[in-house]
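Take a look at the structure set out below.
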Amino acid sequence: PGMLRLGRQSIDIPAGERHYTVADSFVLPVDVELLALQPHAHYRARHIRGTATLPDGSTTSLIDIPDWDFRWQQVYRFITPVALPHGTTIAMQYVYDNSSDNPRNVTQPPQHVVWGQRSADEMGDLWFQVLTRNDRDLDVLLAAFRPKVVAEDIIGYEGRIRAEPGVAALHDDVALLYLDEGRVPGAVHHFRRALAMQPSAASPHYI
(Lines give C-alpha, C1' and ligand atoms only; values in the text may rest on other atoms or scores of the structure.)
Protein backbone atom coordinates (compact mmCIF):
# COMPACT_ATOMS: atom_id res chain seq x y z
CA PRO A 1 0.00 0.00 0.00
CA GLY A 2 0.94 3.63 -0.49
CA MET A 3 0.24 6.49 1.91
CA LEU A 4 -0.91 9.89 0.68
CA ARG A 5 -1.19 12.89 2.99
CA LEU A 6 -3.42 15.83 2.19
CA GLY A 7 -3.23 18.86 4.43
CA ARG A 8 -1.89 22.33 5.06
CA GLN A 9 1.04 23.45 7.20
CA SER A 10 0.28 27.13 6.69
CA ILE A 11 -2.44 27.07 9.37
CA ASP A 12 -2.69 30.49 11.02
CA ILE A 13 -5.87 30.99 13.08
CA PRO A 14 -6.60 34.33 14.77
CA ALA A 15 -7.89 34.30 18.31
CA GLY A 16 -11.69 34.24 18.30
CA GLU A 17 -12.01 32.98 14.70
CA ARG A 18 -15.05 30.68 14.58
CA HIS A 19 -14.88 29.39 11.01
CA TYR A 20 -11.30 28.97 9.75
CA THR A 21 -11.08 26.59 6.80
CA VAL A 22 -8.19 24.68 5.21
CA ALA A 23 -8.51 22.59 2.06
CA ASP A 24 -6.27 20.48 -0.13
CA SER A 25 -6.66 18.13 -3.10
CA PHE A 26 -4.76 15.85 -5.48
CA VAL A 27 -5.61 14.23 -8.81
CA LEU A 28 -4.76 10.53 -8.90
CA PRO A 29 -2.54 9.63 -11.87
CA VAL A 30 -3.35 5.89 -11.61
CA ASP A 31 -6.20 3.61 -10.53
CA VAL A 32 -6.24 2.83 -6.80
CA GLU A 33 -8.33 1.10 -4.18
CA LEU A 34 -8.82 3.17 -1.04
CA LEU A 35 -8.33 0.94 2.00
CA ALA A 36 -8.39 3.34 4.94
CA LEU A 37 -8.43 6.97 6.06
CA GLN A 38 -6.82 8.63 9.05
CA PRO A 39 -7.80 12.22 9.84
CA HIS A 40 -5.57 14.21 12.16
CA ALA A 41 -6.13 17.58 13.79
CA HIS A 42 -5.89 18.98 17.31
CA TYR A 43 -8.40 20.59 19.67
CA ARG A 44 -9.74 23.47 17.57
CA ALA A 45 -10.93 21.42 14.60
CA ARG A 46 -14.70 21.05 14.52
CA HIS A 47 -15.77 19.63 11.13
CA ILE A 48 -13.65 17.25 9.07
CA ARG A 49 -14.50 16.15 5.53
CA GLY A 50 -12.88 13.98 2.88
CA THR A 51 -14.29 13.50 -0.62
CA ALA A 52 -13.52 11.93 -3.97
CA THR A 53 -14.67 13.51 -7.22
CA LEU A 54 -14.64 10.93 -9.99
CA PRO A 55 -13.71 11.68 -13.61
CA ASP A 56 -17.42 11.73 -14.53
CA GLY A 57 -17.94 14.65 -12.12
CA SER A 58 -19.79 12.71 -9.41
CA THR A 59 -18.62 13.25 -5.84
CA THR A 60 -18.47 10.63 -3.10
CA SER A 61 -18.18 11.42 0.60
CA LEU A 62 -15.34 9.37 2.09
CA ILE A 63 -15.43 10.68 5.65
CA ASP A 64 -17.52 13.32 7.41
CA ILE A 65 -17.06 14.09 11.12
CA PRO A 66 -19.21 17.10 12.05
CA ASP A 67 -18.10 17.11 15.71
CA TRP A 68 -14.38 16.31 15.76
CA ASP A 69 -12.83 15.20 19.05
CA PHE A 70 -9.03 15.01 19.23
CA ARG A 71 -9.26 12.30 21.90
CA TRP A 72 -11.25 9.98 19.63
CA GLN A 73 -9.15 10.13 16.48
CA GLN A 74 -8.71 6.77 14.81
CA VAL A 75 -7.95 4.96 11.56
CA TYR A 76 -11.14 4.30 9.59
CA ARG A 77 -10.93 1.15 7.44
CA PHE A 78 -13.44 0.45 4.69
CA ILE A 79 -15.19 -2.92 4.84
CA THR A 80 -15.07 -2.93 1.04
CA PRO A 81 -12.19 -0.98 -0.56
CA VAL A 82 -13.34 2.05 -2.56
CA ALA A 83 -12.30 1.93 -6.23
CA LEU A 84 -10.95 5.31 -7.40
CA PRO A 85 -9.98 5.45 -11.10
CA HIS A 86 -7.14 7.62 -12.37
CA GLY A 87 -8.30 11.18 -12.83
CA THR A 88 -10.18 11.11 -9.51
CA THR A 89 -9.65 14.18 -7.30
CA ILE A 90 -9.27 13.31 -3.63
CA ALA A 91 -9.83 16.27 -1.31
CA MET A 92 -10.04 17.34 2.30
CA GLN A 93 -11.67 20.32 4.01
CA TYR A 94 -11.34 21.05 7.72
CA VAL A 95 -13.12 23.78 9.66
CA TYR A 96 -11.68 25.13 12.93
CA ASP A 97 -13.24 27.08 15.77
CA ASN A 98 -10.69 29.06 17.78
CA SER A 99 -13.29 30.89 19.85
CA SER A 100 -14.51 30.52 23.42
CA ASP A 101 -17.63 28.83 21.98
CA ASN A 102 -15.54 25.72 21.26
CA PRO A 103 -15.62 23.72 24.52
CA ARG A 104 -12.51 21.75 23.43
CA ASN A 105 -10.36 24.82 22.82
CA VAL A 106 -7.33 24.32 25.09
CA THR A 107 -6.57 28.04 25.40
CA GLN A 108 -9.16 30.09 27.24
CA PRO A 109 -9.35 32.92 26.50
CA PRO A 110 -8.52 31.96 22.90
CA GLN A 111 -5.05 32.75 21.57
CA HIS A 112 -3.56 33.04 18.10
CA VAL A 113 -2.52 29.56 16.93
CA VAL A 114 -0.39 28.31 14.05
CA TRP A 115 0.62 24.94 12.61
CA GLY A 116 2.82 22.88 14.89
CA GLN A 117 3.35 19.39 16.25
CA ARG A 118 2.51 20.14 19.87
CA SER A 119 -1.06 19.45 20.92
CA ALA A 120 -1.48 23.12 21.86
CA ASP A 121 -0.63 24.02 18.25
CA GLU A 122 -2.88 22.99 15.36
CA MET A 123 -2.62 20.55 12.49
CA GLY A 124 -4.80 19.40 9.61
CA ASP A 125 -3.97 16.19 7.76
CA LEU A 126 -5.98 13.47 6.06
CA TRP A 127 -4.03 10.31 5.29
CA PHE A 128 -5.19 7.96 2.52
CA GLN A 129 -4.00 4.35 2.47
CA VAL A 130 -4.31 3.15 -1.11
CA LEU A 131 -3.46 0.04 -3.09
CA THR A 132 -2.37 0.29 -6.73
CA ARG A 133 -2.73 -2.40 -9.38
CA ASN A 134 1.01 -3.08 -9.49
CA ASP A 135 4.40 -1.77 -8.36
CA ARG A 136 4.88 0.36 -11.48
CA ASP A 137 1.67 2.25 -10.75
CA LEU A 138 2.77 2.72 -7.15
CA ASP A 139 6.04 4.27 -8.35
CA VAL A 140 4.11 6.60 -10.67
CA LEU A 141 1.75 7.61 -7.86
CA LEU A 142 4.43 8.32 -5.28
CA ALA A 143 6.64 10.17 -7.77
CA ALA A 144 3.71 12.45 -8.65
CA PHE A 145 2.76 12.99 -5.03
CA ARG A 146 6.17 13.53 -3.38
CA PRO A 147 6.83 17.08 -4.67
CA LYS A 148 3.51 18.17 -3.17
CA VAL A 149 4.43 16.74 0.24
CA VAL A 150 7.95 18.19 0.22
CA ALA A 151 6.66 21.67 -0.67
CA GLU A 152 4.12 21.54 2.18
CA ASP A 153 6.73 20.26 4.65
CA ILE A 154 8.99 23.20 3.75
CA ILE A 155 6.15 25.58 4.62
CA GLY A 156 5.75 23.84 7.98
CA TYR A 157 9.46 23.87 8.83
CA GLU A 158 9.87 27.51 7.83
CA GLY A 159 7.00 28.37 10.16
CA ARG A 160 8.61 26.46 13.03
CA ILE A 161 11.94 28.17 12.36
CA ARG A 162 10.28 31.60 12.57
CA ALA A 163 9.00 30.59 16.01
CA GLU A 164 12.22 28.82 17.12
CA PRO A 165 15.10 30.24 15.03
CA GLY A 166 17.77 28.90 17.38
CA VAL A 167 17.11 25.17 16.84
CA ALA A 168 19.87 23.88 14.55
CA ALA A 169 18.10 20.58 13.81
CA LEU A 170 15.18 22.44 12.21
CA HIS A 171 17.57 24.17 9.82
CA ASP A 172 19.20 20.82 8.95
CA ASP A 173 15.82 19.21 8.25
CA VAL A 174 14.48 21.97 6.02
CA ALA A 175 17.80 22.16 4.17
CA LEU A 176 17.43 18.51 3.16
CA LEU A 177 13.91 19.24 1.91
CA TYR A 178 15.23 22.13 -0.19
CA LEU A 179 17.80 19.76 -1.67
CA ASP A 180 15.03 17.29 -2.47
CA GLU A 181 13.33 20.04 -4.48
CA GLY A 182 16.58 21.03 -6.18
CA ARG A 183 16.53 24.44 -4.48
CA VAL A 184 20.21 24.51 -3.55
CA PRO A 185 20.45 28.19 -2.43
CA GLY A 186 17.73 27.58 0.16
CA ALA A 187 19.56 24.48 1.41
CA VAL A 188 22.89 26.31 1.67
CA HIS A 189 21.25 29.17 3.59
CA HIS A 190 19.88 26.83 6.26
CA PHE A 191 23.01 24.66 6.46
CA ARG A 192 25.03 27.82 7.11
CA ARG A 193 22.64 28.91 9.84
CA ALA A 194 22.92 25.45 11.43
CA LEU A 195 26.74 25.64 11.28
CA ALA A 196 26.71 29.02 12.96
CA MET A 197 24.95 27.40 15.90
CA GLN A 198 26.81 24.07 15.87
CA PRO A 199 30.15 24.40 14.00
CA SER A 200 31.19 20.80 14.77
CA ALA A 201 27.94 19.17 13.58
CA ALA A 202 28.37 16.66 10.74
CA SER A 203 25.13 17.07 8.80
CA PRO A 204 25.55 20.70 7.66
CA HIS A 205 28.97 19.78 6.19
CA TYR A 206 27.36 17.11 4.02
CA ILE A 207 26.71 19.44 1.10
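Each chain of the C-alpha coordinates is named A, B, ... in the order shown, its residues numbered from 1; ligands are numbered from 1 in display order.
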Could you pull out the strand (DSSP E or B) residues of chain A, going by DSSP on the backbone, and write them as a ChimeraX atom specification? /A:2-7,12-13,20-27,32-41,45-53,59-65,76-84,89-96,113-115,122,124-132
Please provide the set of residues having any atom within 6 Å of range 90-102 of chain A, restricted to only C-alpha atoms, with same-chain residues fewer than 6 positions apart removed, written as a PDB file with N, CA and C atoms, in the first residue's frame.
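Once everything was written out, this is selection.pdb:
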ATOM      1  N   ALA A  15      -7.104  34.533  17.101  1.00  0.00           N
ATOM      2  CA  ALA A  15      -7.892  34.305  18.314  1.00  0.00           C
ATOM      3  C   ALA A  15      -9.327  34.752  18.076  1.00  0.00           C
ATOM      4  N   GLY A  16     -10.269  33.911  18.443  1.00  0.00           N
ATOM      5  CA  GLY A  16     -11.686  34.237  18.305  1.00  0.00           C
ATOM      6  C   GLY A  16     -12.296  33.827  16.977  1.00  0.00           C
ATOM      7  N   GLU A  17     -11.476  33.389  16.003  1.00  0.00           N
ATOM      8  CA  GLU A  17     -12.005  32.982  14.698  1.00  0.00           C
ATOM      9  C   GLU A  17     -12.848  31.711  14.845  1.00  0.00           C
ATOM     10  N   ARG A  18     -14.115  31.794  14.404  1.00  0.00           N
ATOM     11  CA  ARG A  18     -15.046  30.681  14.583  1.00  0.00           C
ATOM     12  C   ARG A  18     -15.124  29.750  13.371  1.00  0.00           C
ATOM     13  N   HIS A  19     -14.670  30.202  12.232  1.00  0.00           N
ATOM     14  CA  HIS A  19     -14.875  29.390  11.011  1.00  0.00           C
ATOM     15  C   HIS A  19     -13.654  29.540  10.103  1.00  0.00           C
ATOM     16  N   TYR A  20     -12.547  28.947  10.540  1.00  0.00           N
ATOM     17  CA  TYR A  20     -11.304  28.973   9.750  1.00  0.00           C
ATOM     18  C   TYR A  20     -11.222  27.665   8.965  1.00  0.00           C
ATOM     19  N   THR A  21     -11.014  27.763   7.667  1.00  0.00           N
ATOM     20  CA  THR A  21     -11.078  26.587   6.804  1.00  0.00           C
ATOM     21  C   THR A  21      -9.747  26.351   6.097  1.00  0.00           C
ATOM     22  N   VAL A  22      -9.327  25.091   6.049  1.00  0.00           N
ATOM     23  CA  VAL A  22      -8.194  24.684   5.210  1.00  0.00           C
ATOM     24  C   VAL A  22      -8.683  23.597   4.258  1.00  0.00           C
ATOM     25  N   ALA A  23      -8.114  23.570   3.068  1.00  0.00           N
ATOM     26  CA  ALA A  23      -8.514  22.588   2.059  1.00  0.00           C
ATOM     27  C   ALA A  23      -7.302  22.189   1.232  1.00  0.00           C
ATOM     28  N   ASP A  24      -7.342  20.976   0.722  1.00  0.00           N
ATOM     29  CA  ASP A  24      -6.269  20.480  -0.130  1.00  0.00           C
ATOM     30  C   ASP A  24      -6.848  19.398  -1.036  1.00  0.00           C
ATOM     31  N   SER A  25      -6.167  19.143  -2.160  1.00  0.00           N
ATOM     32  CA  SER A  25      -6.656  18.130  -3.098  1.00  0.00           C
ATOM     33  C   SER A  25      -5.506  17.601  -3.938  1.00  0.00           C
ATOM     34  N   PHE A  26      -5.760  16.481  -4.617  1.00  0.00           N
ATOM     35  CA  PHE A  26      -4.764  15.852  -5.479  1.00  0.00           C
ATOM     36  C   PHE A  26      -5.493  14.993  -6.496  1.00  0.00           C
ATOM     37  N   ARG A  44      -8.883  22.411  18.092  1.00  0.00           N
ATOM     38  CA  ARG A  44      -9.742  23.469  17.565  1.00  0.00           C
ATOM     39  C   ARG A  44     -10.504  23.053  16.313  1.00  0.00           C
ATOM     40  N   ALA A  45     -10.172  21.902  15.755  1.00  0.00           N
ATOM     41  CA  ALA A  45     -10.925  21.417  14.598  1.00  0.00           C
ATOM     42  C   ALA A  45     -12.341  21.058  15.036  1.00  0.00           C
ATOM     43  N   ARG A  46     -13.312  21.369  14.196  1.00  0.00           N
ATOM     44  CA  ARG A  46     -14.697  21.045  14.519  1.00  0.00           C
ATOM     45  C   ARG A  46     -15.329  20.122  13.482  1.00  0.00           C
ATOM     46  N   HIS A  47     -15.119  20.418  12.190  1.00  0.00           N
ATOM     47  CA  HIS A  47     -15.772  19.629  11.131  1.00  0.00           C
ATOM     48  C   HIS A  47     -14.708  19.164  10.148  1.00  0.00           C
ATOM     49  N   ILE A  48     -14.657  17.855   9.936  1.00  0.00           N
ATOM     50  CA  ILE A  48     -13.645  17.250   9.068  1.00  0.00           C
ATOM     51  C   ILE A  48     -14.343  16.515   7.933  1.00  0.00           C
ATOM     52  N   ARG A  49     -13.903  16.803   6.701  1.00  0.00           N
ATOM     53  CA  ARG A  49     -14.503  16.149   5.532  1.00  0.00           C
ATOM     54  C   ARG A  49     -13.420  15.636   4.590  1.00  0.00           C
ATOM     55  N   GLY A  50     -13.714  14.501   3.956  1.00  0.00           N
ATOM     56  CA  GLY A  50     -12.876  13.981   2.882  1.00  0.00           C
ATOM     57  C   GLY A  50     -13.778  13.502   1.762  1.00  0.00           C
ATOM     58  N   THR A  51     -13.433  13.855   0.519  1.00  0.00           N
ATOM     59  CA  THR A  51     -14.287  13.500  -0.623  1.00  0.00           C
ATOM     60  C   THR A  51     -13.441  12.978  -1.779  1.00  0.00           C
ATOM     61  N   ALA A  52     -14.127  12.345  -2.710  1.00  0.00           N
ATOM     62  CA  ALA A  52     -13.520  11.925  -3.971  1.00  0.00           C
ATOM     63  C   ALA A  52     -14.446  12.355  -5.099  1.00  0.00           C
ATOM     64  N   PRO A 110      -9.191  32.434  24.110  1.00  0.00           N
ATOM     65  CA  PRO A 110      -8.519  31.959  22.902  1.00  0.00           C
ATOM     66  C   PRO A 110      -7.278  32.784  22.564  1.00  0.00           C
TER      67      PRO A 110
END
Correct to one decimal, the distance CA of Asp121 in chain A-CA of Ile13 in chain A is 10.1 Å
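Of the listed residues (A:Asp64, A:His190, A:Tyr178, A:Val106), A:Tyr178 comes nearest to Ile155 in chain A; the distances count only C-alpha atoms.
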_Measuring between only C-alpha atoms, which one of A:Pro55, A:Glu158, A:Leu34, A:Met3 shows the shortest distance to Leu142 in chain A?_
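Among A:Pro55, A:Glu158, A:Leu34, A:Met3, it is A:Met3 that comes nearest to Leu142 in chain A.
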Polymer residues at most 8 Å from Phe191 in chain A, only C-alpha atoms, same-chain spacing of 3 or more positions, as a PyMOL selection string:
chain A and resi 171-172+175+187-188+194-195+204-205
Best match for closeness to Trp127 in chain A among A:Val114, A:Leu37, A:Leu84, A:Ala168, counting only C-alpha atoms:
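Using only C-alpha atoms, the shortest distance to Trp127 in chain A belongs to A:Leu37.
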